[in-house]
Amino acid sequence: MNTTWLGQRVAQRLTQRLAQPRSRAARLSWWMPHRTASSTSAAVVPALVGSCSAARIDVLTQFGSSESGLTEKEAARRLVTDGPNEIATQREPNWLRRLLGMFWNPLVVLLAVLALTSLATGDRRAAIVMTSMIALGVGLRFTQETRAGAAAAKLRAMVRVTTTVMRDGVSREVPLRDVVRGDLILLSAGDMVPADVRLLSGKDVFINQASLTGESMPVEKSDAPISPDGVPPLDLPNLCFLGTSVQSGTGLAIAAATGSATYFGSMAKSITTAPVPTAFDRGITRFTWLMIWFMAVMVPLVFVINGVTKHDWHEALFFALAVAVGLTPEMLPMIVSVCLSRGAVAMAREHVIVKRLDAIQNFGAMDVLCTDKTGTLTMDEVILEMHCDVTGVESRDVLLAASLVSHFQTGLKNVLDRAILAFGERDGTVSFDGYRKVDEVPFDFSRKLMSVVVARPDGGYRLIAKGAPEEIFRRCTHFSADGDVVPIEPAFLPDLTEEYDRLSADGFRVLAVAYRDVPSRDTYGKEDEVDLTLSGYVAFLDPPKESARPALEALRQAGVAVKILTGDNELVTRKICGHVGLPVDAVVLGRDLDGITDTALADLADRSAVFARLTPAHKQRIIQALQARGHVVGFLGDGINDAAGLHAADVGVSVDTAVDVAKASADIILLEKSLLVLQAGVLEGRKVFANIVKYVRMGASSNFGNMFSVLGASALLPFVPMAPIQVLTNNLMYDFSQVPIPGDNVDEEQIARPRPWDIKEIRRFILFVGPISSLFDYTTYAIMYFLFAARTPAHAALFQTGWFVESLLSQTLIIHIIRTNRIPFLQSRASWPLIATTTVIMAIGIYLPLSPIAPALGLVALPGGYWPLLAGTLVAYLALTQVVKGFLHAKGWI
């Protein structure tokens with residue numbers, strides 16, 4: 001679940017609710033459910049709040065746990081009793097609810113109303129056909145969505161967010177949904193808080209509560225008992241809540257509430273959790289209402305014109321109802337849903353897992369990708385290459401100091417920590433014998449360093465710090481070289497940084513190591529990271545991937561500009577990015593962004609490709625600046641500091657090895673951190689969009705043309721141009737022919753560039769292509785009226801049959817013209833299922849006037865001379881549509 005997104009929806013609905021003219025008491029009672037007896041979480045939150053002032057042993061007793069955690073048997077029992085740790089909005093609806101939900105659709109409801117009207121007025125055949133159309137549309141959608149949804153669910157299950165719990169005295173990883181009340185939870189930097197919890201112990205725990213409060217700054221938490229009187233739950237320092245994340249530090253907590261009983265769950269129950277509509281969603285909605293607008297104009301006109309000219313208001317009503325059905329794009333929900341679901345499955349074959357189906361279109365429309373360089377441009381296999389003092393001489397003391405920090409820190413061990421420890425194991429000269437950890441000051445993104453305090457074999461206490469060189473420098477007053485400790489004079493600074501600059505310029509990632517002997521105490525903090533002695537540097541190499549340059553070129557050719565947003569230093573960033581072909585003549589640093597206006601930042605972000613030394617806030621601001629320029633922005637991130645960027649982007653992309661908070665914030669998960677994998681996923685996303693647009697084009701242009709055909713025939717003929725049952729049958733068969741569209745082939749040029757939803761393009765296509773079908777409808781009218789003398793009501797069946805066959809064949813065959821911008825059949829061929837359904841429907845259309853059911857449909861046999869004229873009409877129709885389509889494409893209008 002994307003909890004950050006859901007938190008935003010909570011905040012959005014809060015704003016809407018508080019804006020309503022309600023009493024202050026009513027507003028406050030809704031916002032603070034813990035203060036009112038009517039709260040959905042009142043049964044649980046008071047117990048959690050009440051634990052704030054209790055001692056650790058009492059808290060364990062209160063929630064039925066112990067120092068070794070729950071037993072597996074007890075945890076399983078509570079999981080059955082309390083249910084899975086999911087809020088209501090996370091749970092998939094059962095099949096019956098999904099099926100009923102498909103009936104609650106404006107288009108299906110409209111068809112149902114028309115069917116009931118037909119039945120009430122005595123036209124049972126029309127009612128049966130309309131009911132069949134509903135059954136076909138809903139049945140196909142349910143079947144296809146169920147199959148594709150089941151496959152997509154299996155794929156999503158590959159990306160699990162887990163948490164570490166203590167059970168039977170042993171720590172183990174469990175899925176978030178399996179956390180139960182009373183579980184002991186081990187928290188560290190990057191973890192999602194999996195439930196509403198009470199901290200039992202903690203060290204420098206900072207929690208990001210933005211998903212609940214909107215406050216971007218992390219909040220410090222501690223395990224100290226405190227009176228909860230008069231303090232809102234979110235402000236209590238020893239409580240943490242589901243939906244938040246650990247920014248830094250480590251802690252042990254006990255789960256007090258899970259699932260819908262949590263603070264987050266109580267708010268989620270009272271809001272609508274539908275995703276914020278994308279441009280694509282809004283476009284589909286606008287298209288649907290456009291069709292309904294056509295209907296609202298057409299149906300009354302057709303009814304009145306036919307009633308006045310034919311003096312048969314009963315038949316006029318049925319014909320108007322049939323026209324309304326013909327104008328209804330009832331297959332649209334199925335086409336969209338199945339396209340998205342099939343797209344998710346197809347993307348999985350490219351090692352791309354879609355968490356939110358609506359993100360697929362944005363993925364395909366993405367024209368800017370923002371990403372870190374580590375693991376995307378580089379191998380993400382960091383190795384320790386050098387450990388040296390400030391003069392560049394190899395130093396075992398520096399290696400030992402760095403290893404002690406990496407070994408004893410209890411937070412998230414990153415690739416650099418693992419590289420240091422791996423080197424020490426291979427080297428065999430690093431030993432931790434005689435060293436004991438006393439305390440630590442965890443890493444955070446403002447200090448960009450971390451420290452541990454160790455008791456040394458000689459009994460002394462030493463604080464050892466490891467982190468960004470510029471941050472370490474600021475805290476140092478001395479440096480060591482050749483066994484001597486020398487005060488840092490201003491004149492020494494250039495020499496001290498020379499080795500660091502040289503290593504960075506060669507593409508090494510450099511960390512500085514410093515130390516300070518400290519007096520014996522139980523706890524230490526950031527204030528102790530002063531008066532340090534600079535010991536030296538550890539230098540790492542993460543070489544560029546061989547695939548990075550071709551991957552960047554492939555994305556560029558696909559219309560996706562790549563921008564590097566990294567917290568690394570300028571020299572390393574310049575070296576790596578230059579090696580893979582990115583422009584590095586103007587690397588923008590984080591400090592350059594401070595104080596500039598949003599407009600200036602948008603200009604800078606548009607023209608620059610590489611940004612270094614960025615904070616999470618910088619990344620978020622760059623993404624928003626690009627969006628303000630009309631770009632569809634994707635963001636690829638896998639770290640704690642990437643959550644804000646993942647949330648701000650139009651499509652957040654992470655990897656399955658990312659920290660929990662990054663995976664939870666992402667819309668799409670890559671099973672391999674590679675730009676080539678991402679590029680393949682982008683192309684699949686564009687295929688999904690292309691197939692949806694095919695249906696929209698066909699439905700819109702066909703309906704627009706039918707407006708003119710029906711209106712003209714209704715005014716000029718002494719009978720209706722097609723019997724209501726024929727209109728309904730025609731529409732049912734045409735709908736069936738389009739079922740395979742979600743799996744249709746897509747031309748390369750249709751996925752070569754980003755394709756955001758463009759209602760103007762759809763409108764142009766309607767205006768130019770729609771009237772062509774009307775033109776050839778009128779030529780068919782002329783053929784039937786003048787050549788075959790079908791002019792009177794006595795010959796109405798002949799006229800209607802002629803137009804029925806021409807209309808069905810032309811709109812079925814035209815699918816092959818509209819689905820591609822190339823020459824159909826020769827340069828672009830539809831998928832075999834689409835060819836098969838269109839061929840079968842056309843064959844049935846030709847056979848129906850001769851079939852045993854022809855009388856029931858009001859159809860009669862057509863004269864032999866009709867068929868060559870029909871063939872000529874179809875050839876002319878296809879040729880003219882191809883010419884007009886080529887003109888629109890040449891102009892760049894479609």
# chains A, B, ... in the order shown; residues from 1 in each chain; ligands from 1
$ residues_around --residues "A:His478" --least-positions-apart "6" --cutoff "7 Å" --atoms "only C-alpha atoms" --output "MDAnalysis selection string"
chainID A and resid 485:488 532:534
$ residues_around --residues "A:Leu187" --least-positions-apart "4" --cutoff "7 Å" --atoms "only C-alpha atoms" --output "PyMOL selection string"
chain A and resi 191+250-252
$ closest_residue --among "A:Phe799, A:Trp832, A:Phe776, A:Tyr524" --to "A:Asp744" --atoms "only C-alpha atoms"
A:Trp832
$ residues_around --residues "A:Met298" --least-positions-apart "4" --cutoff "8 Å" --atoms "only C-alpha atoms" --output "list in words"
Phe294, Val302, Ala324, Met707 and Leu711 of chain A
$ write_last_selection --atoms "N, CA, C and O atoms" --output "compact mmCIF listing (two decimals), in the first residue's frame"
# COMPACT_ATOMS: atom_id res chain seq x y z
N PHE A 294 -23.43 13.70 -26.83
CA PHE A 294 -23.94 13.37 -28.16
C PHE A 294 -25.34 12.75 -28.02
O PHE A 294 -26.28 13.08 -28.76
N VAL A 302 -33.82 12.83 -32.75
CA VAL A 302 -34.26 11.68 -33.55
C VAL A 302 -35.71 11.33 -33.22
O VAL A 302 -36.52 11.03 -34.12
N ALA A 324 -29.72 5.68 -28.93
CA ALA A 324 -29.02 5.98 -27.67
C ALA A 324 -28.07 4.86 -27.31
O ALA A 324 -26.92 5.09 -26.90
N MET A 707 -24.27 10.40 -36.05
CA MET A 707 -25.18 11.51 -35.75
C MET A 707 -25.75 12.10 -37.03
O MET A 707 -26.96 12.27 -37.18
N LEU A 711 -29.66 11.55 -38.36
CA LEU A 711 -30.48 12.77 -38.45
C LEU A 711 -30.98 12.99 -39.87
O LEU A 711 -32.16 13.29 -40.10
$ closest_residue --among "A:Ser702, A:Arg198, A:Ala76, A:Thr838" --to "A:Gln62" --atoms "only C-alpha atoms"
A:Arg198
$ residues_around --residues "stretch 443-459 of chain A" --least-positions-apart "4" --cutoff "7 Å" --atoms "only C-alpha atoms" --output "PyMOL selection string"
chain A and resi 248+405+409+434-439+463-468+471
$ atom_distance --atom1 "atom CA of A:Ala856" --atom2 "atom CA of A:Gly712"
26.4 Å
$ closest_atom_pairs --of "stretch 293-402 of chain A" --to "stretch 664-674 of chain A" --cutoff "8 Å" --atoms "only C-alpha atoms" --output "tab-separated table"
residue	atom	partner	partner_atom	distance
A:His351	CA	A:Leu671	CA	5.2
A:Val352	CA	A:Leu670	CA	4.7
A:Ile353	CA	A:Ile669	CA	5.0
A:Val354	CA	A:Ile668	CA	4.7
A:Lys355	CA	A:Asp667	CA	5.3
A:Arg356	CA	A:Asp667	CA	5.5
A:Ala359	CA	A:Asp667	CA	6.4
A:Gly375	CA	A:Lys673	CA	6.2
A:Thr376	CA	A:Ser674	CA	5.4
$ closest_residue --among "A:Phe103, A:Phe63, A:Trp313, A:Trp293" --to "A:Thr121" --atoms "only C-alpha atoms"
A:Trp313
$ residues_around --residues "A:Ala419" --least-positions-apart "6" --cutoff "10 Å" --atoms "only C-alpha atoms" --output "VMD selection string"
chain A and resid 381 to 385 403 406 413 425 540 to 541
$ atom_distance --atom1 "atom CA of A:Thr163" --atom2 "atom CA of A:Gly639"
16.3 Å
$ atom_distance --atom1 "atom CA of A:Leu808" --atom2 "atom CA of A:Ser709"
13.9 Å
$ select_by_dssp --residues "stretch 536-721 of chain A" --states "strand (DSSP E or B)" --output "MDAnalysis selection string"
chainID A and resid 536:541 544 561:565 588:589 610:612 633:636 651:655 668:670
$ residues_around --residues "A:Asp372" --least-positions-apart "5" --cutoff "6 Å" --atoms "only C-alpha atoms" --output "list in words"
Ile564, Leu565 and Thr566 of chain A
$ write_last_selection --atoms "N, CA, C and O atoms" --output "PDB file, in the first residue's frame"
ATOM      1  N   ILE A 564      20.098  13.315 -13.353  1.00  0.00           N
ATOM      2  CA  ILE A 564      20.701  12.679 -12.190  1.00  0.00           C
ATOM      3  C   ILE A 564      20.522  13.599 -10.978  1.00  0.00           C
ATOM      4  O   ILE A 564      20.993  14.744 -10.986  1.00  0.00           O
ATOM      5  N   LEU A 565      19.857  13.092  -9.954  1.00  0.00           N
ATOM      6  CA  LEU A 565      19.684  13.824  -8.702  1.00  0.00           C
ATOM      7  C   LEU A 565      20.362  13.005  -7.611  1.00  0.00           C
ATOM      8  O   LEU A 565      19.847  11.961  -7.199  1.00  0.00           O
ATOM      9  N   THR A 566      21.526  13.441  -7.156  1.00  0.00           N
ATOM     10  CA  THR A 566      22.297  12.653  -6.202  1.00  0.00           C
ATOM     11  C   THR A 566      22.748  13.497  -5.022  1.00  0.00           C
ATOM     12  O   THR A 566      22.937  14.718  -5.161  1.00  0.00           O
TER      13      THR A 566
END
